[in-house]
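Visitor: Dropping in structure_27.cif, with mmCIF, C-alpha atoms.
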data_query
loop_
_atom_site.label_atom_id
_atom_site.label_comp_id
_atom_site.auth_asym_id
_atom_site.auth_seq_id
_atom_site.Cartn_x
_atom_site.Cartn_y
_atom_site.Cartn_z
CA MET A 1 108.86 -24.12 -1.97
CA THR A 2 106.85 -27.14 -3.03
CA ALA A 3 104.22 -27.12 -5.74
CA THR A 4 101.56 -27.76 -3.10
CA TRP A 5 102.55 -24.65 -1.17
CA ILE A 6 102.31 -22.64 -4.38
CA ALA A 7 98.81 -24.01 -4.95
CA VAL A 8 97.82 -23.20 -1.35
CA LEU A 9 99.13 -19.64 -1.50
CA ALA A 10 97.73 -19.00 -4.99
CA THR A 11 94.31 -20.20 -3.84
CA ALA A 12 94.50 -17.95 -0.79
CA ALA A 13 95.58 -14.95 -2.85
CA GLY A 14 92.90 -15.54 -5.48
CA CYS A 15 90.13 -15.97 -2.92
CA TYR A 16 91.19 -12.84 -1.05
CA ALA A 17 91.40 -10.82 -4.26
CA LEU A 18 87.87 -11.85 -5.24
CA LYS A 19 86.51 -10.81 -1.84
CA PHE A 20 88.36 -7.50 -1.97
CA ALA A 21 87.17 -6.78 -5.51
CA GLY A 22 83.52 -7.00 -4.52
CA LEU A 23 83.96 -4.85 -1.46
CA THR A 24 85.78 -2.09 -3.33
CA VAL A 25 83.74 -1.92 -6.51
CA PRO A 26 82.98 1.77 -7.24
CA GLN A 27 79.63 2.69 -5.74
CA ARG A 28 78.55 4.46 -8.92
CA ILE A 29 78.28 1.05 -10.57
CA LEU A 30 75.68 0.21 -7.94
CA ALA A 31 73.80 3.40 -8.74
CA ASP A 32 72.21 1.62 -11.67
CA GLN A 33 68.84 0.27 -10.55
CA ARG A 34 69.30 -3.14 -12.13
CA VAL A 35 72.81 -3.67 -10.78
CA ARG A 36 71.64 -2.65 -7.32
CA ARG A 37 68.68 -5.00 -7.50
CA PHE A 38 70.96 -7.80 -8.68
CA ALA A 39 73.29 -7.20 -5.72
CA GLU A 40 70.28 -7.29 -3.39
CA LEU A 41 68.94 -10.52 -4.85
CA VAL A 42 72.24 -12.41 -5.10
CA PRO A 43 72.42 -13.36 -1.41
CA VAL A 44 68.82 -14.62 -1.56
CA ALA A 45 69.53 -16.83 -4.58
CA LEU A 46 72.91 -18.10 -3.39
CA LEU A 47 72.01 -18.71 0.25
CA ALA A 48 68.79 -20.50 -0.72
CA ALA A 49 70.73 -22.67 -3.17
CA LEU A 50 73.45 -23.30 -0.61
CA SER A 51 70.93 -24.32 2.01
CA ALA A 52 69.29 -26.78 -0.40
CA VAL A 53 72.56 -28.19 -1.72
CA GLN A 54 74.00 -28.71 1.75
CA THR A 55 70.79 -30.39 2.86
CA VAL A 56 70.07 -32.86 0.07
CA THR A 57 73.35 -33.50 -1.72
CA ASN A 58 76.73 -34.96 -0.93
CA GLY A 59 79.33 -34.22 -3.56
CA GLN A 60 77.67 -34.67 -6.94
CA ALA A 61 75.07 -37.11 -5.67
CA PHE A 62 71.72 -36.61 -3.99
CA ASP A 63 71.84 -37.77 -0.40
CA LEU A 64 68.62 -37.68 1.60
CA ASP A 65 69.84 -38.07 5.16
CA PRO A 66 66.73 -38.37 7.38
CA ALA A 67 68.36 -36.71 10.39
CA ARG A 68 69.53 -33.75 8.33
CA LEU A 69 66.15 -33.36 6.62
CA ALA A 70 64.40 -33.51 9.99
CA GLY A 71 66.81 -30.92 11.33
CA LEU A 72 65.96 -28.52 8.53
CA GLY A 73 62.28 -29.31 9.05
CA ALA A 74 62.66 -28.35 12.71
CA ALA A 75 64.22 -25.08 11.61
CA VAL A 76 61.24 -24.36 9.35
CA VAL A 77 58.83 -25.06 12.20
CA ALA A 78 60.82 -22.75 14.49
CA LEU A 79 60.79 -20.05 11.81
CA VAL A 80 57.04 -20.33 11.31
CA LEU A 81 56.68 -19.97 15.09
CA ARG A 82 58.86 -16.84 14.85
CA ALA A 83 61.59 -18.21 17.06
CA PRO A 84 64.77 -16.13 17.43
CA PHE A 85 67.69 -17.00 15.19
CA LEU A 86 69.72 -18.91 17.75
CA VAL A 87 66.68 -20.98 18.74
CA VAL A 88 66.21 -21.90 15.08
CA ILE A 89 69.72 -23.24 14.62
CA ILE A 90 69.73 -24.98 18.00
CA ALA A 91 66.41 -26.67 17.15
CA ALA A 92 67.87 -27.84 13.84
CA ALA A 93 71.10 -29.20 15.30
CA ALA A 94 69.42 -30.78 18.33
CA THR A 95 66.86 -32.55 16.15
CA ALA A 96 69.52 -34.01 13.88
CA ALA A 97 71.79 -34.93 16.78
CA GLY A 98 68.90 -36.53 18.69
CA LEU A 99 67.82 -38.65 15.74
CA ARG A 100 71.39 -39.77 15.11
CA ALA A 101 71.84 -40.64 18.77
CA ALA A 102 68.69 -42.76 18.43
CA GLY A 103 70.27 -44.54 15.50
CA ILE A 104 68.40 -42.83 12.68
CA SER A 105 70.58 -41.44 9.92
CA MET B 1 64.56 -10.99 13.02
CA SER B 2 63.46 -8.52 10.45
CA ALA B 3 64.68 -8.22 6.92
CA GLN B 4 67.14 -6.09 5.08
CA GLN B 5 66.22 -2.87 6.73
CA THR B 6 69.41 -1.25 5.76
CA GLU B 7 67.34 -0.21 2.81
CA SER B 8 64.39 1.30 4.60
CA ALA B 9 62.59 2.36 7.62
CA THR B 10 60.75 -0.47 9.32
CA PRO B 11 57.68 -1.38 7.30
CA PRO B 12 54.47 -1.14 9.26
CA GLY B 13 53.41 -4.36 10.85
CA ARG B 14 56.85 -5.92 10.85
CA GLU B 15 57.66 -7.48 14.16
CA GLY B 16 61.06 -5.84 14.26
CA THR B 17 62.57 -8.20 16.77
CA GLY B 18 66.04 -7.19 15.68
CA SER B 19 65.71 -3.88 17.45
CA ALA B 20 63.57 -4.97 20.34
CA GLY B 21 66.17 -4.80 23.03
CA GLY B 22 63.59 -4.09 25.72
CA GLY B 23 63.56 -7.32 27.65
CA ARG B 24 67.24 -8.00 27.38
CA PRO B 25 69.18 -8.20 30.63
CA ALA B 26 72.03 -5.71 30.73
CA ASP B 27 74.77 -8.31 30.69
CA LEU B 28 73.79 -9.95 27.41
CA PRO B 29 75.44 -8.63 24.26
CA PRO B 30 73.09 -7.02 21.73
CA ARG B 31 71.24 -9.37 19.41
CA PRO B 32 73.40 -8.91 16.29
CA VAL B 33 76.48 -9.76 18.34
CA ARG B 34 74.80 -12.71 20.05
CA ASP B 35 73.57 -14.14 16.75
CA GLY B 36 76.98 -13.65 15.18
CA ILE B 37 78.80 -15.36 18.02
CA GLY B 38 76.33 -18.25 18.02
CA LEU B 39 76.65 -18.85 14.30
CA GLY B 40 80.41 -18.32 14.41
CA LEU B 41 80.84 -20.98 17.06
CA ALA B 42 78.47 -23.50 15.50
CA VAL B 43 79.80 -23.20 11.95
CA GLY B 44 83.41 -22.64 12.96
CA VAL B 45 83.57 -26.03 14.64
CA SER B 46 83.22 -27.55 11.17
CA GLY B 47 86.78 -26.41 10.61
CA VAL B 48 87.64 -29.70 12.32
CA ALA B 49 86.26 -31.48 9.27
CA PHE B 50 88.35 -29.33 6.96
CA GLY B 51 91.52 -29.83 8.97
CA ALA B 52 91.01 -33.58 8.99
CA ALA B 53 90.12 -33.72 5.28
CA ALA B 54 93.08 -31.54 4.33
CA VAL B 55 95.62 -33.66 6.16
CA SER B 56 94.18 -36.92 4.89
CA SER B 57 94.30 -35.54 1.35
CA GLY B 58 98.03 -34.95 1.65
CA LEU B 59 98.34 -31.35 2.79
CA THR B 60 100.59 -30.68 5.78
CA VAL B 61 99.17 -29.28 9.02
CA TRP B 62 100.66 -25.89 8.15
CA GLN B 63 99.23 -25.91 4.65
CA ALA B 64 95.79 -26.68 6.06
CA CYS B 65 96.15 -23.84 8.55
CA ALA B 66 97.48 -21.45 5.91
CA LEU B 67 94.35 -22.03 3.82
CA SER B 68 92.05 -21.32 6.76
CA VAL B 69 94.01 -18.24 7.84
CA LEU B 70 94.50 -16.71 4.39
CA ALA B 71 91.73 -18.00 2.12
CA PHE B 72 89.05 -18.34 4.82
CA THR B 73 86.26 -19.62 2.61
CA GLY B 74 85.23 -23.19 3.23
CA ALA B 75 84.02 -24.23 -0.21
CA SER B 76 87.28 -23.23 -1.89
CA GLN B 77 89.37 -24.84 0.82
CA PHE B 78 87.54 -28.17 0.57
CA ALA B 79 87.74 -28.01 -3.23
CA LEU B 80 91.52 -27.64 -3.28
CA ALA B 81 91.94 -30.41 -0.71
CA SER B 82 89.75 -32.79 -2.67
CA VAL B 83 91.65 -32.21 -5.92
CA ILE B 84 94.93 -32.82 -4.11
CA ALA B 85 93.46 -35.97 -2.55
CA SER B 86 92.44 -37.30 -5.96
CA GLY B 87 95.86 -36.60 -7.38
CA GLY B 88 94.44 -34.09 -9.84
CA SER B 89 96.31 -31.22 -11.45
CA LEU B 90 97.33 -28.55 -8.95
CA LEU B 91 96.71 -25.87 -11.54
CA ALA B 92 93.17 -27.06 -12.18
CA GLY B 93 92.61 -27.48 -8.44
CA THR B 94 93.74 -23.94 -7.76
CA ALA B 95 91.64 -22.53 -10.58
CA GLY B 96 88.57 -24.42 -9.38
CA ALA B 97 89.05 -23.28 -5.79
CA ILE B 98 89.39 -19.66 -6.89
CA LEU B 99 86.31 -19.93 -9.09
CA LEU B 100 84.33 -21.03 -6.06
CA GLY B 101 85.47 -17.88 -4.30
CA SER B 102 83.72 -15.72 -6.87
CA ARG B 103 80.44 -15.76 -5.00
CA ASN B 104 82.15 -13.74 -2.30
CA THR B 105 82.68 -11.01 -4.91
CA LEU B 106 78.93 -10.86 -5.40
CA TYR B 107 78.38 -10.70 -1.63
CA GLY B 108 80.94 -7.90 -1.41
CA LEU B 109 78.91 -5.77 -3.81
CA ARG B 110 76.07 -5.74 -1.33
CA LEU B 111 78.13 -5.62 1.86
CA ALA B 112 80.06 -2.60 0.58
CA GLU B 113 76.83 -0.62 0.66
CA VAL B 114 75.68 -1.87 4.04
CA VAL B 115 78.86 -2.16 6.10
CA ARG B 116 80.68 0.63 4.26
CA PRO B 117 84.23 -0.10 5.34
CA ARG B 118 86.60 2.77 4.60
CA GLY B 119 90.29 3.02 3.75
CA LEU B 120 92.54 0.47 5.36
CA THR B 121 89.72 -1.23 7.27
CA ARG B 122 88.73 -2.70 3.91
CA LEU B 123 91.81 -4.93 4.00
CA PRO B 124 90.77 -7.01 7.02
CA ALA B 125 87.06 -6.59 6.25
CA ALA B 126 87.53 -8.19 2.82
CA LEU B 127 88.80 -11.38 4.41
CA GLY B 128 85.49 -11.67 6.25
CA VAL B 129 83.25 -11.56 3.17
CA ILE B 130 81.73 -15.05 3.16
CA ASP B 131 78.33 -16.77 3.26
CA GLU B 132 77.79 -16.60 7.00
CA THR B 133 78.82 -12.98 7.54
CA THR B 134 76.77 -11.89 4.54
CA ALA B 135 73.67 -13.72 5.73
CA ILE B 136 73.76 -12.30 9.25
CA THR B 137 74.76 -8.79 8.21
CA LEU B 138 72.03 -8.40 5.60
CA ALA B 139 69.39 -9.68 8.04
CA GLN B 140 69.95 -6.77 10.43
CA PRO B 141 67.40 -3.97 10.79
CA ASP B 142 69.79 -1.03 10.44
CA PRO B 143 73.38 -0.16 9.46
CA ALA B 144 74.67 0.06 13.03
CA SER B 145 73.43 -3.44 13.83
CA ALA B 146 74.71 -4.66 10.47
CA LYS B 147 78.24 -3.47 11.24
CA LYS B 148 78.16 -5.08 14.67
CA ALA B 149 76.80 -8.31 13.23
CA PHE B 150 79.48 -8.39 10.54
CA SER B 151 82.31 -7.84 13.02
CA ALA B 152 80.98 -10.28 15.60
CA THR B 153 80.34 -13.05 13.08
CA PHE B 154 83.65 -12.53 11.30
CA CYS B 155 85.74 -12.45 14.49
CA CYS B 156 84.06 -15.41 16.14
CA LEU B 157 83.92 -17.54 13.01
CA TYR B 158 87.50 -16.68 12.05
CA LEU B 159 88.89 -17.67 15.44
CA THR B 160 86.77 -20.80 15.73
CA TRP B 161 87.35 -21.93 12.14
CA ASN B 162 91.12 -21.56 12.47
CA LEU B 163 91.41 -23.23 15.86
CA ALA B 164 89.15 -26.02 14.63
CA THR B 165 91.24 -26.43 11.47
CA LEU B 166 94.36 -26.83 13.56
CA GLY B 167 92.58 -29.26 15.87
CA GLY B 168 91.23 -31.29 12.98
CA ALA B 169 94.60 -31.38 11.25
CA LEU B 170 96.16 -32.66 14.48
CA GLY B 171 93.60 -35.43 14.76
CA ALA B 172 90.84 -33.94 16.92
CA GLY B 173 88.30 -35.32 14.45
CA ARG B 174 88.69 -38.69 16.08
CA ILE B 175 87.09 -37.42 19.29
CA GLY B 176 83.71 -37.09 17.63
CA SER B 177 82.35 -36.02 14.31
CA PRO B 178 80.58 -32.64 13.99
CA GLN B 179 77.69 -34.60 12.47
CA ALA B 180 77.02 -36.37 15.76
CA PHE B 181 76.14 -32.97 17.19
CA GLY B 182 73.97 -32.07 14.21
CA LEU B 183 76.39 -29.34 13.18
CA ASP B 184 76.01 -30.21 9.49
CA VAL B 185 72.47 -28.79 9.68
CA VAL B 186 73.57 -25.50 11.23
CA GLY B 187 74.64 -23.96 7.92
CA PRO B 188 71.49 -24.84 5.95
CA ALA B 189 69.24 -23.85 8.87
CA ALA B 190 71.08 -20.57 9.40
CA PHE B 191 70.99 -19.58 5.74
CA LEU B 192 67.29 -20.32 5.55
CA ALA B 193 66.58 -18.44 8.79
CA LEU B 194 68.47 -15.39 7.62
CA ILE B 195 66.73 -15.06 4.26
CA TRP B 196 63.33 -16.04 5.72
CA PRO B 197 62.09 -12.46 6.32
CA ARG B 198 62.93 -11.54 2.73
CA LEU B 199 61.11 -14.61 1.43
CA LYS B 200 58.05 -13.70 3.47
CA ASN B 201 57.99 -10.11 2.27
CA GLY B 202 58.82 -10.26 -1.41
CA ARG B 203 57.33 -12.19 -4.28
CA THR B 204 60.40 -11.58 -6.45
CA GLU B 205 62.58 -12.83 -3.60
CA ARG B 206 60.58 -16.05 -3.35
CA LEU B 207 60.81 -16.67 -7.08
CA VAL B 208 64.52 -15.90 -7.13
CA ALA B 209 65.15 -18.26 -4.19
CA LEU B 210 63.15 -21.05 -5.83
CA GLY B 211 64.92 -20.44 -9.11
CA GLY B 212 68.30 -20.55 -7.41
CA VAL B 213 67.46 -23.80 -5.63
CA ALA B 214 66.13 -25.37 -8.83
CA LEU B 215 69.19 -24.36 -10.88
CA ALA B 216 71.62 -25.60 -8.25
CA LEU B 217 69.91 -28.94 -7.70
CA ALA B 218 69.33 -29.56 -11.40
CA THR B 219 73.04 -29.14 -12.16
CA THR B 220 74.48 -30.84 -9.08
CA SER B 221 75.18 -34.13 -10.80
CA VAL B 222 76.78 -32.63 -13.91
CA LEU B 223 78.87 -29.71 -12.64
CA PRO B 224 81.87 -29.76 -10.29
CA VAL B 225 80.99 -29.43 -6.60
CA GLY B 226 80.34 -25.80 -5.67
CA VAL B 227 79.67 -24.51 -9.16
CA PRO B 228 75.88 -25.13 -9.04
CA VAL B 229 75.57 -22.65 -6.17
CA ILE B 230 77.37 -19.99 -8.19
CA LEU B 231 75.08 -20.73 -11.11
CA ALA B 232 72.17 -19.82 -8.83
CA ALA B 233 73.26 -16.20 -9.23
CA THR B 234 71.63 -16.25 -12.66
CA ALA B 235 68.28 -16.47 -10.87
CA ALA B 236 69.15 -13.18 -9.18
CA LEU B 237 70.11 -11.74 -12.54
CA ALA B 238 66.79 -12.81 -14.03
CA GLY B 239 64.95 -11.35 -11.06
CA ALA B 240 66.77 -8.04 -11.35
CA LEU B 241 66.09 -7.77 -15.08
CA ALA B 242 62.45 -8.81 -14.79
CA ALA B 243 61.62 -6.68 -11.77
CA PRO B 244 64.29 -4.02 -11.31
CA ALA B 245 62.18 -2.04 -8.89
CA ALA B 246 61.92 -3.52 -5.43
CA SER B 247 58.63 -3.27 -3.61
CA PRO B 248 58.11 0.33 -2.46
CA ALA B 249 58.84 -0.39 1.18
CA ARG B 250 62.37 -1.30 0.40
CA THR B 251 64.22 0.66 -2.21
CA THR B 252 64.13 4.30 -1.49
CA ALA B 253 65.92 4.94 1.75
CA SER B 254 69.67 5.06 1.83
CA PRO B 255 71.60 3.00 4.35
CA GLY B 256 72.50 6.12 6.27
CA ASN B 257 69.05 7.01 7.51
CA ALA B 258 67.97 4.13 9.67
CA SER B 259 69.10 4.87 13.16
CA HIS B 260 66.15 3.45 14.99
CA GLY B 261 67.45 0.08 15.87
CA ASP B 262 70.58 0.36 17.96
CA ASP B 263 70.04 -2.60 20.16
CA ALA B 264 72.43 -1.49 22.83
CA THR B 265 70.40 1.34 24.17
#
As structure tokens, please, write out the structure in this file.

Guide:
Amino acid sequence: MTATWIAVLATAAGCYALKFAGLTVPQRILADQRVRRFAELVPVALLAALSAVQTVTNGQAFDLDPARLAGLGAAVVALVLRAPFLVVIIAAAATAAGLRAAGIS
Amino acid sequence: MSAQQTESATPPGREGTGSAGGGRPADLPPRPVRDGIGLGLAVGVSGVAFGAAAVSSGLTVWQACALSVLAFTGASQFALASVIASGGSLLAGTAGAILLGSRNTLYGLRLAEVVRPRGLTRLPAALGVIDETTAITLAQPDPASAKKAFSATFCCLYLTWNLATLGGALGAGRIGSPQAFGLDVVGPAAFLALIWPRLKNGRTERLVALGGVALALATTSVLPVGVPVILAATAALAGALAAPAASPARTTASPGNASHGDDAT
């Protein structure tokens, strides 16, 4: 087995173990009000950060791609108009794709 | 779609679209399943980019596929591929990729309460604990919808991501880049859409989200790719310590009590 295979399988095992650990943490730990609130707030913090990072950065650099920004802007407009989830993501993708097709990116 | 109702009965005045199955034709799947399939398809296609990146960084087709099948978490997969591409240490690359997987542990804490997998079902369920499944599942109005949303998103995204990885590794990326279809905006738009109800309904949530964004962006240029997002968890920690009690509409009920929203009926 090559070193690269070992790295691939170790990464897979480690990632799976981390997922499994969260899912099987004893529920009594979550009985504590602060831990429970932390677990509730984590997805809000991480998904907001992820959305921002994926929108305005590329690697370690800031990258303000007009089509991508407009796509996210379209999503915000759709959300304010209370569009269903699938409409929101279609509006975002279609806006970015349309601008790129028109040569803006 | 309404917010994290797994924790409560529907607050008065909430539009509650998640459970409004009224106008749905009989042949459409329920909303949690539809949303999950839509997101799974749109995000899964990005597996083409991973497959292509992995092979061009020096992984074999089978190594690329093994990562998607077994690790199934995009950030970690890209991280390992990029270290291999740069000729970096495999040990450091592996450690970095695993570190990036730690946010799934935090998601699991919350999903365990909402999806409540039991016994052996936890083994496959664990594989599905990622950004997309967490976002869709926690946006559902009740536990039954949450379980459906988790399964639908996981199954669809898993299949699509793996097929796309194989396609990308075999050169399908040359047909057209996911960016041309605007698919790079799907993730950011989806994550925003799925936390939107919580941002609208909670001041702590808004502050935590802003804090997370600020922390991640402020550290982007100085920390390895992926780590800034994990750092955003400290905003959640601060929020939990500063305001441990959620607004009254949300904390009290246990996940077991909300049976109002089964979309299928």

Visitor: Using only C-alpha atoms, which of the listed residues (B:Ala52, B:Leu138, B:Ala152, B:Leu67) sits closest to Pro30 in chain B?

Guide: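 When distances to Pro30 in chain B are compared using only C-alpha atoms, the smallest one comes from B:Ala152.
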
Visitor: Find the nearest atom pair between each residue of range 139-232 of chain B and range 62-77 of chain A for residues within 8 Å, count only C-alpha atoms, give distances in Å to one decimal, sort rows by chain and ascending number, and present the table as a Markdown table.

Guide:
| residue | atom | partner | partner_atom | distance |
| --- | --- | --- | --- | --- |
| B:Gly182 | CA | A:Arg68 | CA | 7.6 |
| B:Asp184 | CA | A:Arg68 | CA | 7.5 |
| B:Val185 | CA | A:Arg68 | CA | 5.9 |
| B:Pro188 | CA | A:Leu72 | CA | 7.1 |
| B:Ala189 | CA | A:Leu72 | CA | 5.7 |
| B:Ala193 | CA | A:Ala75 | CA | 7.6 |

Visitor: Give one line per residue of range 106-138 of chain B that approaches range 154-158 of chain B to at most 12 Å, naming the two atoms of the closest pair and their distance in Å to one decimal, counting all atoms listed in the file; sort by chain then ascending residue number and deliver it as a Markdown table.

Guide:
| residue | atom | partner | partner_atom | distance |
| --- | --- | --- | --- | --- |
| B:Pro124 | CA | B:Phe154 | CA | 10.0 |
| B:Ala125 | CA | B:Phe154 | CA | 8.5 |
| B:Ala126 | CA | B:Phe154 | CA | 10.3 |
| B:Leu127 | CA | B:Phe154 | CA | 8.7 |
| B:Gly128 | CA | B:Phe154 | CA | 5.4 |
| B:Val129 | CA | B:Phe154 | CA | 8.2 |
| B:Ile130 | CA | B:Phe154 | CA | 8.7 |
| B:Asp131 | CA | B:Phe154 | CA | 10.5 |
| B:Glu132 | CA | B:Phe154 | CA | 8.3 |
| B:Thr133 | CA | B:Phe154 | CA | 6.1 |
| B:Thr134 | CA | B:Phe154 | CA | 9.7 |
| B:Ala135 | CA | B:Phe154 | CA | 11.5 |
| B:Ile136 | CA | B:Phe154 | CA | 10.1 |
| B:Thr137 | CA | B:Phe154 | CA | 10.1 |

Visitor: Quick check on the file I pasted: which residues fall under the PyMOL selection byres ((chain A and resi 2) around 12)? Write them as an MDAnalysis selection string.

Guide: (chainID A and resid 1 3:9) or (chainID B and resid 59:60 63 90)

Visitor: Could you work out how far CA of Val80 in chain A lies from CA of Pro29 in chain B, giving the answer in Å with one decimal?

Guide: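 Value for the CA of Pro29 in chain B-CA of Val80 in chain A distance: 25.4 Å.
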